[in-house]
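> This is work_19.txt (compact mmCIF, C-alpha atoms (C1' of nucleotides)).
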# COMPACT_ATOMS: atom_id res chain seq x y z
CA MET I 228 -37.45 -7.36 5.98
CA SER I 229 -34.46 -9.60 5.33
CA GLY I 230 -33.91 -11.37 2.05
CA GLY I 231 -31.10 -11.55 -0.39
CA ARG I 232 -28.42 -14.00 -1.23
CA PRO I 233 -26.73 -15.56 1.80
CA HIS I 234 -23.06 -15.10 2.53
CA ALA I 235 -20.83 -17.73 1.02
CA VAL I 236 -18.11 -17.23 3.62
CA SER I 237 -17.32 -15.19 6.72
CA ARG I 238 -14.54 -12.92 7.87
CA GLU I 239 -13.41 -15.66 10.21
CA LEU I 240 -13.16 -18.27 7.47
CA ILE I 241 -11.19 -15.95 5.25
CA ALA I 242 -8.88 -14.90 8.06
CA GLU I 243 -8.22 -18.53 8.90
CA ALA I 244 -7.34 -19.45 5.36
CA ALA I 245 -5.18 -16.36 5.02
CA CYS I 246 -3.20 -17.18 8.15
CA GLU I 247 -2.64 -20.72 6.95
CA LEU I 248 -1.20 -19.43 3.72
CA PHE I 249 0.88 -16.80 5.45
CA LEU I 250 2.40 -19.51 7.61
CA GLU I 251 2.97 -21.84 4.68
CA GLN I 252 4.56 -19.48 2.23
CA GLY I 253 4.93 -16.09 3.86
CA TYR I 254 2.93 -12.92 3.66
CA GLU I 255 4.53 -11.34 0.60
CA ARG I 256 4.27 -14.43 -1.54
CA THR I 257 0.62 -14.92 -0.66
CA THR I 258 -1.61 -12.94 -2.95
CA VAL I 259 -5.19 -11.98 -2.31
CA ALA I 260 -6.10 -14.26 -5.20
CA HIS I 261 -4.51 -17.18 -3.35
CA ILE I 262 -6.51 -16.52 -0.23
CA ALA I 263 -9.75 -16.20 -2.14
CA ARG I 264 -9.13 -19.40 -4.07
CA ARG I 265 -8.36 -21.29 -0.87
CA VAL I 266 -11.72 -20.33 0.62
CA GLY I 267 -13.42 -21.06 -2.68
CA VAL I 268 -14.53 -17.57 -3.43
CA SER I 269 -13.60 -14.87 -5.91
CA ARG I 270 -10.96 -12.22 -5.42
CA SER I 271 -13.67 -9.59 -5.49
CA SER I 272 -15.36 -11.23 -2.56
CA PHE I 273 -12.26 -10.97 -0.44
CA PHE I 274 -12.55 -7.22 -0.72
CA ASN I 275 -16.19 -7.41 0.29
CA TYR I 276 -15.02 -8.68 3.66
CA PHE I 277 -11.70 -6.91 4.15
CA GLU I 278 -10.53 -3.53 2.95
CA SER I 279 -7.01 -4.74 2.42
CA LYS I 280 -4.81 -7.76 2.71
CA SER I 281 -3.26 -6.57 5.94
CA GLU I 282 -6.59 -5.87 7.57
CA VAL I 283 -6.94 -9.59 8.13
CA PHE I 284 -4.76 -9.19 11.18
CA TRP I 285 -6.26 -6.08 12.62
CA SER I 286 -10.03 -6.20 12.74
CA GLY I 287 -10.09 -7.56 16.29
CA LEU I 288 -7.75 -4.96 17.71
CA ASP I 289 -9.34 -2.16 15.73
CA GLU I 290 -12.66 -3.03 17.25
CA ARG I 291 -11.21 -2.67 20.73
CA ILE I 292 -9.64 0.64 19.83
CA GLY I 293 -13.00 1.84 18.56
CA PHE I 294 -14.51 0.86 21.86
CA LEU I 295 -11.88 2.75 23.82
CA ASP I 296 -12.37 5.78 21.63
CA ALA I 297 -16.14 5.80 22.11
CA PHE I 298 -15.79 5.21 25.81
CA LEU I 299 -13.37 8.07 26.41
CA ALA I 300 -15.26 10.40 24.11
CA ALA I 301 -18.26 9.94 26.38
CA ALA I 302 -16.34 10.08 29.67
CA CYS I 303 -16.61 13.11 31.93
CA PRO I 304 -13.44 14.98 32.88
CA SER I 305 -12.26 13.76 36.24
CA SER I 306 -9.78 15.03 38.76
CA GLN I 307 -8.11 11.63 38.52
CA PRO I 308 -7.63 11.37 34.77
CA ALA I 309 -4.93 8.73 35.08
CA ALA I 310 -7.29 6.37 36.82
CA VAL I 311 -10.08 6.94 34.33
CA VAL I 312 -7.81 6.27 31.39
CA ALA I 313 -6.27 3.20 32.99
CA ASP I 314 -9.68 1.75 33.72
CA ALA I 315 -10.96 2.50 30.25
CA VAL I 316 -7.94 0.87 28.70
CA ARG I 317 -8.25 -2.24 30.81
CA GLU I 318 -11.97 -2.40 30.11
CA ALA I 319 -11.40 -2.10 26.38
CA PHE I 320 -8.45 -4.41 25.87
CA SER I 321 -8.74 -7.10 28.48
CA ARG I 322 -11.54 -8.58 26.38
CA PHE I 323 -9.19 -8.92 23.48
CA ALA I 324 -9.17 -12.54 22.39
CA PRO I 325 -6.33 -14.47 20.76
CA ASP I 326 -6.82 -14.13 17.05
CA ALA I 327 -4.96 -13.71 13.80
CA LEU I 328 -2.89 -10.93 15.29
CA ALA I 329 -1.54 -13.00 18.14
CA LEU I 330 -0.65 -15.70 15.66
CA ALA I 331 1.09 -13.17 13.47
CA LEU I 332 3.10 -11.73 16.34
CA VAL I 333 4.36 -15.14 17.33
CA ASN I 334 5.12 -16.26 13.80
CA SER I 335 6.23 -12.97 12.34
CA ASP I 336 9.50 -14.46 11.20
CA ALA I 337 7.95 -17.44 9.48
CA MET I 338 5.47 -15.16 7.79
CA GLY I 339 8.15 -12.67 6.89
CA ILE I 340 6.04 -9.76 8.05
CA VAL I 341 8.26 -7.95 10.51
CA PRO I 342 8.17 -4.71 8.52
CA GLU I 343 4.44 -4.81 7.78
CA LEU I 344 3.71 -5.72 11.35
CA THR I 345 5.71 -2.90 12.87
CA GLN I 346 4.19 -0.43 10.45
CA GLU I 347 0.64 -1.45 11.25
CA MET I 348 1.37 -1.86 14.92
CA ALA I 349 2.70 1.67 15.00
CA THR I 350 -0.47 2.91 13.37
CA ARG I 351 -2.59 1.26 16.05
CA GLN I 352 -0.46 2.67 18.81
CA TRP I 353 -1.01 6.07 17.27
CA ARG I 354 -4.74 5.51 17.14
CA ILE I 355 -4.83 4.53 20.78
CA ALA I 356 -2.94 7.68 21.67
CA THR I 357 -5.33 9.69 19.54
CA ALA I 358 -8.23 8.23 21.47
CA ILE I 359 -6.70 9.13 24.83
CA SER I 360 -5.20 12.54 24.20
CA PRO I 361 -8.45 14.49 23.73
CA TYR I 362 -9.75 13.23 27.04
CA LEU I 363 -6.61 14.38 28.84
CA ARG I 364 -6.96 17.77 27.30
CA ARG I 365 -10.54 17.99 28.48
CA THR I 366 -9.29 17.48 31.99
CA GLY I 367 -7.34 20.69 31.57
CA GLN I 368 -3.93 19.35 30.60
CA ASP I 369 -1.57 21.25 28.38
CA ALA I 370 -1.69 20.11 24.75
CA LEU I 371 1.89 18.96 24.69
CA ALA I 372 1.60 17.12 27.99
CA ALA I 373 -1.60 15.44 26.87
CA GLU I 374 0.08 14.09 23.76
CA VAL I 375 3.09 12.84 25.67
CA TYR I 376 1.02 11.03 28.27
CA ALA I 377 -1.30 9.63 25.64
CA ALA I 378 1.71 8.25 23.79
CA ALA I 379 2.90 6.68 27.01
CA TYR I 380 -0.44 4.99 27.65
CA ALA I 381 -0.61 3.77 24.10
CA GLY I 382 2.90 2.42 24.41
CA ALA I 383 1.86 0.58 27.53
CA VAL I 384 -1.07 -1.06 25.77
CA ILE I 385 1.00 -2.19 22.84
CA ALA I 386 3.84 -3.41 25.00
CA ALA I 387 1.43 -5.44 27.08
CA LEU I 388 -0.25 -6.82 24.00
CA ARG I 389 3.03 -7.91 22.50
CA ALA I 390 4.27 -9.50 25.67
CA TRP I 391 0.96 -11.31 26.01
CA ALA I 392 1.00 -12.62 22.45
CA LEU I 393 4.62 -13.66 22.60
CA ALA I 394 4.08 -15.47 25.88
CA GLY I 395 1.46 -17.63 24.22
CA ALA I 396 -1.70 -15.59 24.54
CA GLY I 397 -3.01 -17.41 27.60
CA ARG I 398 -6.27 -15.57 28.15
CA GLU I 399 -5.91 -14.72 31.81
CA ARG I 400 -2.73 -12.77 31.82
CA LEU I 401 -3.45 -9.93 29.41
CA ASP I 402 -5.18 -7.96 32.11
CA ASP I 403 -2.26 -8.55 34.44
CA LEU I 404 0.16 -7.32 31.84
CA LEU I 405 -1.96 -4.29 31.19
CA ARG I 406 -2.00 -3.49 34.89
CA ARG I 407 1.75 -3.84 35.11
CA ALA I 408 2.36 -1.75 32.01
CA LEU I 409 -0.04 0.96 33.11
CA GLY I 410 1.45 0.84 36.58
CA VAL I 411 4.71 2.13 35.16
CA LEU I 412 2.99 5.47 34.71
CA ARG I 413 2.39 6.37 38.31
CA MET L 60 38.58 7.04 -9.40
CA SER L 61 35.45 8.97 -10.30
CA GLY L 62 33.86 8.95 -13.70
CA GLY L 63 30.48 8.08 -15.04
CA ARG L 64 27.48 9.99 -16.16
CA PRO L 65 26.55 12.96 -13.98
CA HIS L 66 23.26 13.14 -12.14
CA ALA L 67 20.47 14.78 -14.09
CA VAL L 68 18.60 15.86 -10.95
CA SER L 69 18.86 15.71 -7.17
CA ARG L 70 16.70 14.53 -4.32
CA GLU L 71 16.02 18.15 -3.46
CA LEU L 72 14.82 19.02 -6.95
CA ILE L 73 12.53 16.04 -7.05
CA ALA L 74 11.16 16.70 -3.58
CA GLU L 75 10.45 20.29 -4.51
CA ALA L 76 8.55 19.36 -7.65
CA ALA L 77 6.67 16.67 -5.79
CA CYS L 78 5.55 19.09 -3.08
CA GLU L 79 4.39 21.57 -5.68
CA LEU L 80 2.24 18.94 -7.30
CA PHE L 81 0.92 17.68 -3.99
CA LEU L 82 -0.16 21.20 -3.15
CA GLU L 83 -1.71 21.77 -6.55
CA GLN L 84 -3.70 18.62 -6.94
CA GLY L 85 -3.32 16.53 -3.81
CA TYR L 86 -1.19 13.55 -2.95
CA GLU L 87 -3.41 10.78 -4.22
CA ARG L 88 -4.02 12.33 -7.58
CA THR L 89 -0.34 12.97 -8.12
CA THR L 90 1.35 9.94 -9.62
CA VAL L 91 5.04 9.19 -9.62
CA ALA L 92 4.95 9.66 -13.39
CA HIS L 93 3.66 13.21 -12.87
CA ILE L 94 6.50 14.08 -10.55
CA ALA L 95 9.11 12.63 -12.87
CA ARG L 96 7.71 14.47 -15.86
CA ARG L 97 7.69 17.75 -13.98
CA VAL L 98 11.40 17.44 -13.20
CA GLY L 99 12.07 16.31 -16.74
CA VAL L 100 13.21 12.84 -15.94
CA SER L 101 11.87 9.33 -16.36
CA ARG L 102 9.72 7.47 -13.89
CA SER L 103 12.53 4.99 -13.41
CA SER L 104 14.79 7.76 -12.27
CA PHE L 105 12.41 8.80 -9.54
CA PHE L 106 12.94 5.42 -7.98
CA ASN L 107 16.68 5.87 -8.26
CA TYR L 108 16.36 8.71 -5.80
CA PHE L 109 13.47 7.64 -3.58
CA GLU L 110 12.31 4.22 -2.57
CA SER L 111 8.69 5.22 -2.65
CA LYS L 112 6.40 8.12 -3.30
CA SER L 113 5.90 8.80 0.37
CA GLU L 114 9.60 8.80 1.15
CA VAL L 115 9.77 12.27 -0.35
CA PHE L 116 8.53 13.59 2.97
CA TRP L 117 10.61 11.54 5.29
CA SER L 118 14.25 11.44 4.32
CA GLY L 119 15.15 14.39 6.56
CA LEU L 120 13.48 13.02 9.65
CA ASP L 121 14.69 9.50 9.00
CA GLU L 122 18.22 10.78 8.92
CA ARG L 123 17.79 12.35 12.36
CA ILE L 124 16.29 9.14 13.70
CA GLY L 125 19.27 7.22 12.35
CA PHE L 126 21.52 9.61 14.18
CA LEU L 127 19.64 9.15 17.44
CA ASP L 128 19.78 5.40 17.04
CA ALA L 129 23.53 5.37 16.43
CA PHE L 130 24.13 7.76 19.28
CA LEU L 131 22.16 5.77 21.85
CA ALA L 132 23.54 2.48 20.61
CA ALA L 133 27.00 3.79 21.46
CA ALA L 134 26.04 5.44 24.74
CA CYS L 135 27.10 3.95 28.04
CA PRO L 136 24.47 3.03 30.61
CA SER L 137 24.13 5.85 33.07
CA SER L 138 22.54 6.21 36.47
CA GLN L 139 20.62 9.15 35.01
CA PRO L 140 19.12 7.50 31.91
CA ALA L 141 16.42 10.14 31.57
CA ALA L 142 18.99 12.90 31.19
CA VAL L 143 21.04 10.94 28.69
CA VAL L 144 18.01 10.20 26.54
CA ALA L 145 16.74 13.76 26.72
CA ASP L 146 20.12 15.14 25.70
CA ALA L 147 20.48 12.65 22.87
CA VAL L 148 17.03 13.48 21.58
CA ARG L 149 17.66 17.22 21.65
CA GLU L 150 21.03 16.75 20.02
CA ALA L 151 19.52 14.65 17.26
CA PHE L 152 16.38 16.60 16.48
CA SER L 153 17.14 20.21 17.19
CA ARG L 154 19.17 20.24 13.97
CA PHE L 155 16.11 19.24 12.03
CA ALA L 156 15.51 21.81 9.32
CA PRO L 157 12.20 22.85 7.80
CA ASP L 158 11.68 20.66 4.77
CA ALA L 159 9.06 18.81 2.80
CA LEU L 160 7.69 17.30 5.99
CA ALA L 161 7.01 20.62 7.67
CA LEU L 162 5.28 21.75 4.53
CA ALA L 163 3.21 18.60 4.46
CA LEU L 164 2.17 18.92 8.10
CA VAL L 165 0.96 22.46 7.54
CA ASN L 166 -0.83 21.69 4.29
CA SER L 167 -2.01 18.22 5.06
CA ASP L 168 -5.59 19.14 4.28
CA ALA L 169 -4.82 20.75 0.93
CA MET L 170 -2.70 17.76 0.01
CA GLY L 171 -5.31 15.35 1.24
CA ILE L 172 -2.74 13.28 3.06
CA VAL L 173 -4.06 13.11 6.58
CA PRO L 174 -4.27 9.31 6.53
CA GLU L 175 -0.89 8.79 4.87
CA LEU L 176 0.71 11.31 7.14
CA THR L 177 -0.57 9.77 10.35
CA GLN L 178 0.41 6.33 9.16
CA GLU L 179 3.95 7.35 8.34
CA MET L 180 4.21 9.61 11.36
CA ALA L 181 3.22 6.70 13.55
CA THR L 182 5.94 4.58 11.97
CA ARG L 183 8.56 7.21 12.79
CA GLN L 184 7.33 7.51 16.33
CA TRP L 185 7.71 3.77 16.63
CA ARG L 186 11.23 3.93 15.25
CA ILE L 187 12.21 6.59 17.72
CA ALA L 188 10.87 4.47 20.53
CA THR L 189 12.75 1.48 19.16
CA ALA L 190 15.95 3.51 19.25
CA ILE L 191 15.42 4.52 22.86
CA SER L 192 14.05 1.38 24.46
CA PRO L 193 17.23 -0.77 24.17
CA TYR L 194 19.24 1.89 25.92
CA LEU L 195 16.81 2.02 28.81
CA ARG L 196 16.99 -1.72 29.15
CA ARG L 197 20.75 -1.55 29.27
CA THR L 198 20.44 0.74 32.26
CA GLY L 199 18.69 -2.11 34.05
CA GLN L 200 15.06 -1.20 33.48
CA ASP L 201 12.34 -3.78 33.23
CA ALA L 202 11.42 -4.62 29.62
CA LEU L 203 7.86 -3.41 29.95
CA ALA L 204 8.87 -0.18 31.66
CA ALA L 205 11.53 0.47 29.05
CA GLU L 206 8.99 0.19 26.27
CA VAL L 207 6.52 2.44 28.02
CA TYR L 208 9.06 5.16 28.70
CA ALA L 209 10.48 4.88 25.22
CA ALA L 210 7.00 5.37 23.80
CA ALA L 211 6.59 8.42 25.98
CA TYR L 212 9.86 9.96 24.79
CA ALA L 213 8.98 9.22 21.19
CA GLY L 214 5.59 10.79 21.72
CA ALA L 215 7.28 13.87 23.08
CA VAL L 216 9.52 14.18 20.05
CA ILE L 217 6.67 13.84 17.61
CA ALA L 218 4.42 16.18 19.55
CA ALA L 219 7.14 18.81 19.60
CA LEU L 220 7.83 18.33 15.94
CA ARG L 221 4.19 18.76 15.04
CA ALA L 222 3.73 21.79 17.18
CA TRP L 223 6.87 23.29 15.66
CA ALA L 224 5.79 22.63 12.09
CA LEU L 225 2.26 23.85 12.68
CA ALA L 226 3.52 27.03 14.32
CA GLY L 227 5.43 27.83 11.16
CA ALA L 228 8.73 26.03 11.60
CA GLY L 229 10.66 29.04 12.85
CA ARG L 230 14.05 27.51 13.38
CA GLU L 231 14.76 28.63 16.90
CA ARG L 232 11.86 27.19 18.73
CA LEU L 233 12.11 23.47 17.96
CA ASP L 234 14.66 23.00 20.71
CA ASP L 235 12.41 24.89 23.12
CA LEU L 236 9.48 22.71 22.23
CA LEU L 237 11.58 19.60 22.64
CA ARG L 238 12.65 20.78 26.08
CA ARG L 239 9.09 21.45 27.08
CA ALA L 240 7.83 18.14 25.75
CA LEU L 241 10.64 16.19 27.37
CA GLY L 242 10.12 18.14 30.56
CA VAL L 243 6.71 16.55 30.92
CA LEU L 244 8.48 13.31 31.76
CA ARG L 245 10.12 14.29 34.98
C1' DG N 250 -45.85 -21.81 -8.23
C1' DC N 251 -44.50 -16.81 -9.85
C1' DG N 252 -42.76 -12.28 -10.10
C1' DT N 253 -40.08 -9.01 -7.39
C1' DA N 254 -37.07 -6.69 -4.23
C1' DT N 255 -32.93 -7.48 -1.87
C1' DT N 256 -28.40 -8.78 -1.07
C1' DA N 257 -23.91 -11.41 -2.43
C1' DT N 258 -20.97 -13.04 -5.70
C1' DT N 259 -18.53 -12.67 -9.82
C1' DG N 260 -15.48 -11.56 -13.72
C1' DG N 261 -13.13 -8.31 -15.91
C1' DA N 262 -11.17 -3.97 -16.90
C1' DC N 263 -8.63 -0.40 -14.96
C1' DT N 264 -4.91 2.66 -12.46
C1' DC N 265 -1.09 2.90 -9.94
C1' DC N 266 2.90 1.38 -7.23
C1' DG N 267 7.14 -0.75 -7.02
C1' DT N 268 10.58 -4.14 -9.16
C1' DC N 269 13.53 -5.58 -12.55
C1' DT N 270 16.43 -5.79 -16.70
C1' DA N 271 18.74 -4.88 -20.74
C1' DA N 272 20.02 -1.23 -23.65
C1' DC N 273 21.90 3.28 -24.04
C1' DA N 274 24.23 7.91 -22.85
C1' DA N 275 27.65 10.79 -20.66
C1' DT N 276 31.49 11.39 -18.18
C1' DA N 277 36.83 10.46 -16.56
C1' DC N 278 40.94 8.42 -17.53
C1' DG N 279 44.71 6.12 -19.82
C1' DC E 104 40.34 6.88 -29.19
C1' DG E 105 39.01 2.88 -26.38
C1' DT E 106 37.43 1.50 -21.92
C1' DA E 107 35.52 1.50 -17.34
C1' DT E 108 32.20 3.64 -14.61
C1' DT E 109 27.98 5.49 -13.44
C1' DG E 110 23.24 7.34 -14.60
C1' DT E 111 19.30 7.31 -17.36
C1' DT E 112 15.71 5.09 -19.90
C1' DA E 113 11.94 2.29 -21.88
C1' DG E 114 9.36 -1.43 -21.25
C1' DA E 115 7.50 -5.40 -19.25
C1' DC E 116 5.74 -7.36 -15.22
C1' DG E 117 2.98 -8.74 -10.93
C1' DG E 118 0.19 -7.39 -7.27
C1' DA E 119 -2.98 -4.18 -4.63
C1' DG E 120 -7.06 -1.92 -4.61
C1' DT E 121 -11.23 0.25 -7.18
C1' DC E 122 -15.18 0.05 -9.91
C1' DC E 123 -19.11 -1.66 -12.40
C1' DA E 124 -22.39 -4.24 -14.74
C1' DA E 125 -24.14 -8.95 -14.90
C1' DT E 126 -25.77 -12.73 -12.43
C1' DA E 127 -27.16 -15.89 -8.65
C1' DA E 128 -29.60 -17.03 -4.42
C1' DT E 129 -32.59 -15.99 -1.03
C1' DA E 130 -37.35 -14.02 1.30
C1' DC E 131 -41.67 -12.35 0.62
C1' DG E 132 -46.18 -10.99 -1.27
C1' DC E 133 -49.48 -12.75 -4.30
Translate this file's structure into structure tokens.

Amino acid sequence: MSGGRPHAVSRELIAEAACELFLEQGYERTTVAHIARRVGVSRSSFFNYFESKSEVFWSGLDERIGFLDAFLAAACPSSQPAAVVADAVREAFSRFAPDALALALVNSDAMGIVPELTQEMATRQWRIATAISPYLRRTGQDALAAEVYAAAYAGAVIAALRAWALAGAGRERLDDLLRRALGVLR
Amino acid sequence: MSGGRPHAVSRELIAEAACELFLEQGYERTTVAHIARRVGVSRSSFFNYFESKSEVFWSGLDERIGFLDAFLAAACPSSQPAAVVADAVREAFSRFAPDALALALVNSDAMGIVPELTQEMATRQWRIATAISPYLRRTGQDALAAEVYAAAYAGAVIAALRAWALAGAGRERLDDLLRRALGVLR
DNA sequence: GCGTATTATTGGACTCCGTCTAACAATACG
DNA sequence: CGTATTGTTAGACGGAGTCCAATAATACGC
């Protein structure tokens, strides 16, 4: 079944090299060509592994968001929607491991990526809300209310994530932070 | 005091032409050069009026966000922070007039801008939250709680705005929608 | 060992965005 | 009529992201 030329690199290798360069000379000044050269691969290959330069930071989180989305899409409407959502969120994101994103959040100044980071962070917050809102509506909530609550949950996730990364990304405490952030909404 | 060459066009003229083209052939397929040519001006001039192609949609809303930010930055901490924020939000956004953005929200499919729109919309939601959160912290709220509530308020604004635009952007009802959306948070 | 199907890598050409700069045009004012 | 001011313009430039055809490295059947 399986044949074909083997991979010369991996997403992880590329992400590592990219982060090094971002730290050394900043995000803007680092071109995709730089990253590729550092890993010893062509520019084209970079785009075989990542859709864009910024995606280097986001594949881990995006995976978790995808998980949350699938989970809630399959969940049955409950009379305790808040609890279902909170559990799903904790299930999805407490497994989030320190990666390029955590590094970027801590070193955003050195990398000179504050604007990019907020932009992309905002997009992820939106996606989290978009994963939650349909479930709330299925539990019978008003459309407007569902969107507002979903935004609140998403805000809680992102706030927890940021606090966790900025505190050093010790593995244990993300779940605690998520609990605290979600606890605000009760 | 005043001299110099007069303006050949205006932001409004450019935005109008841009929206026409977006409707005709979609956002992606419309280049900045197209827009400039349609208004009878050079590509360089487009960038004298707008920082980017996408900014065409957002100048109106960004102005309102700037107002909210300034207003809350100057507001005194109150024992009723929720009321202060809600009033500030209504004050800032109920004056929002139908513009390119409303058009884009309604015709997002024809323009083929769903991804761009959500991305940029998310960024604005983030900015609204960023305007609100510092005020909540000044009223003594925990950092995490402030971020969560700010995200909720921002979500309410954006949800109201979308509902308003999608319903046809009749002027009167935006304030109603804002009241309803903000009312969810009490 | 030898062809073959499969999969990855590669270089290069391409479009477009956004930046920059130096030259040029149109106005007000003295 | 000269000068300062402000806007417009063409053009070059670098980087992101797309696309494609050519090529390289593997597994497998023979």
> Return the Cα root-mean-square deviation, in Å, for chain L superposed on chain I by least squares with the Cα atoms paired in order.
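0.1 Å is the C-alpha RMSD between the two chains.
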> Taking all atoms listed in the file into account, name the residue in N:DA262, N:DC251, N:DC278, N:DA257 that is nearest to chain L.
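For chain L, the nearest of the candidates is N:DC278.
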> Could the residues of chain I within 8 Å of chain N, counting only C-alpha atoms (C1' of nucleotides), be given as a PyMOL selection string, please?
chain I and resi 229-235+269+271-272
> Give me, please, the distance in Å between CA of Ala392 in chain I and CA of Asp121 in chain L, quoted to one decimal.
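Separation between CA of Ala392 in chain I and CA of Asp121 in chain L: 29.3 Å.
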> Please provide the set of residues having any atom within 10 Å of range 91-97 of chain L, restricted to only C-alpha atoms (C1' of nucleotides), with same-chain residues fewer than 5 positions apart removed, written as a count of residues only.
18
> Rounded to one decimal, what separation in Å do you get between CA of Pro308 in chain I and CA of Ser286 in chain I?
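It comes out at 28.3 Å.
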> So how far away is CA of Glu255 in chain I from CA of Ala390 in chain I, in Å?
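Separation of CA of Ala390 in chain I and CA of Glu255 in chain I: 25.1 Å.
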> Find the residues in chain L near chain I: any atom within 6 Å counts, using all atoms listed in the file. Write them as a PyMOL selection string.
chain L and resi 178+181-182+185+204+207+210-211+214-215+243
> Write out as a Markdown table the residues of chain E that have any atom within 9 Å of an atom of chain I, one row each with the nearest atom pair and its distance in Å to one decimal, counting all atoms listed in the file, sorted by chain and then rising number.

| residue | atom | partner | partner_atom | distance |
| --- | --- | --- | --- | --- |
| E:DG118 | C1' | I:Thr258 | CA | 7.3 |
| E:DA119 | C1' | I:Ser279 | CA | 8.1 |
| E:DG120 | C1' | I:Ser279 | CA | 7.6 |
| E:DA127 | C1' | I:Arg232 | CA | 7.8 |
| E:DA128 | C1' | I:Arg232 | CA | 4.6 |
| E:DT129 | C1' | I:Arg232 | CA | 4.6 |
| E:DA130 | C1' | I:Gly230 | CA | 4.4 |
| E:DC131 | C1' | I:Gly230 | CA | 8.0 |
> Around all listed atoms of range 136-153 of chain L, padded 3 Å per side, what centre and edge lengths does the axis-aligned box have in Å to one decimal, as lines of an AutoDock Vina configuration file?

center_x = 20.4
center_y = 11.6
center_z = 26.5
size_x = 14.1
size_y = 23.2
size_z = 26.0
> Using only C-alpha atoms (C1' of nucleotides), what residues lie at most 12 Å away from (-8.8, -5.8, 24.8) (file coordinates), given as a ChimeraX atom specification?
/I:287-295,314-326,355,384-385,387-388,391,398-405
> Might you pull out every residue within 6 Å of Ala327 in chain I, with all atoms listed in the file counted and same-chain residues fewer than 2 positions away left off, and present them as a PyMOL selection string?
chain I and resi 284+329-330
> Determine, counting all atoms listed in the file, which protein, DNA and RNA residues have an atom within 12 Å of an atom of range 302-307 of chain I; residues of the same chain fewer than 5 positions away are not included. Present the result as a PDB file with C-alpha atoms, in the frame of the given file.

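Listed below is the output, around.pdb:
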ATOM      1  CA  LEU I 295     -11.880   2.750  23.820  1.00  0.00           C
ATOM      2  CA  ASP I 296     -12.370   5.780  21.630  1.00  0.00           C
ATOM      3  CA  ALA I 297     -16.140   5.800  22.110  1.00  0.00           C
ATOM      4  CA  VAL I 312      -7.810   6.270  31.390  1.00  0.00           C
ATOM      5  CA  ALA I 313      -6.270   3.200  32.990  1.00  0.00           C
ATOM      6  CA  ASP I 314      -9.680   1.750  33.720  1.00  0.00           C
ATOM      7  CA  ALA I 315     -10.960   2.500  30.250  1.00  0.00           C
ATOM      8  CA  ALA I 358      -8.230   8.230  21.470  1.00  0.00           C
ATOM      9  CA  ILE I 359      -6.700   9.130  24.830  1.00  0.00           C
ATOM     10  CA  PRO I 361      -8.450  14.490  23.730  1.00  0.00           C
ATOM     11  CA  TYR I 362      -9.750  13.230  27.040  1.00  0.00           C
ATOM     12  CA  LEU I 363      -6.610  14.380  28.840  1.00  0.00           C
ATOM     13  CA  ARG I 364      -6.960  17.770  27.300  1.00  0.00           C
ATOM     14  CA  ARG I 365     -10.540  17.990  28.480  1.00  0.00           C
ATOM     15  CA  THR I 366      -9.290  17.480  31.990  1.00  0.00           C
ATOM     16  CA  GLY I 367      -7.340  20.690  31.570  1.00  0.00           C
ATOM     17  CA  GLN I 368      -3.930  19.350  30.600  1.00  0.00           C
ATOM     18  CA  ARG I 413       2.390   6.370  38.310  1.00  0.00           C
TER      19      ARG I 413
END
> List as a PyMOL selection string the protein and nucleic acid residues near Gln84 in chain L, meaning an atom at most 10 Å away when only C-alpha atoms (C1' of nucleotides) are counted, but skip any in the same chain fewer than 5 places from it.
chain L and resi 79+89+169-171
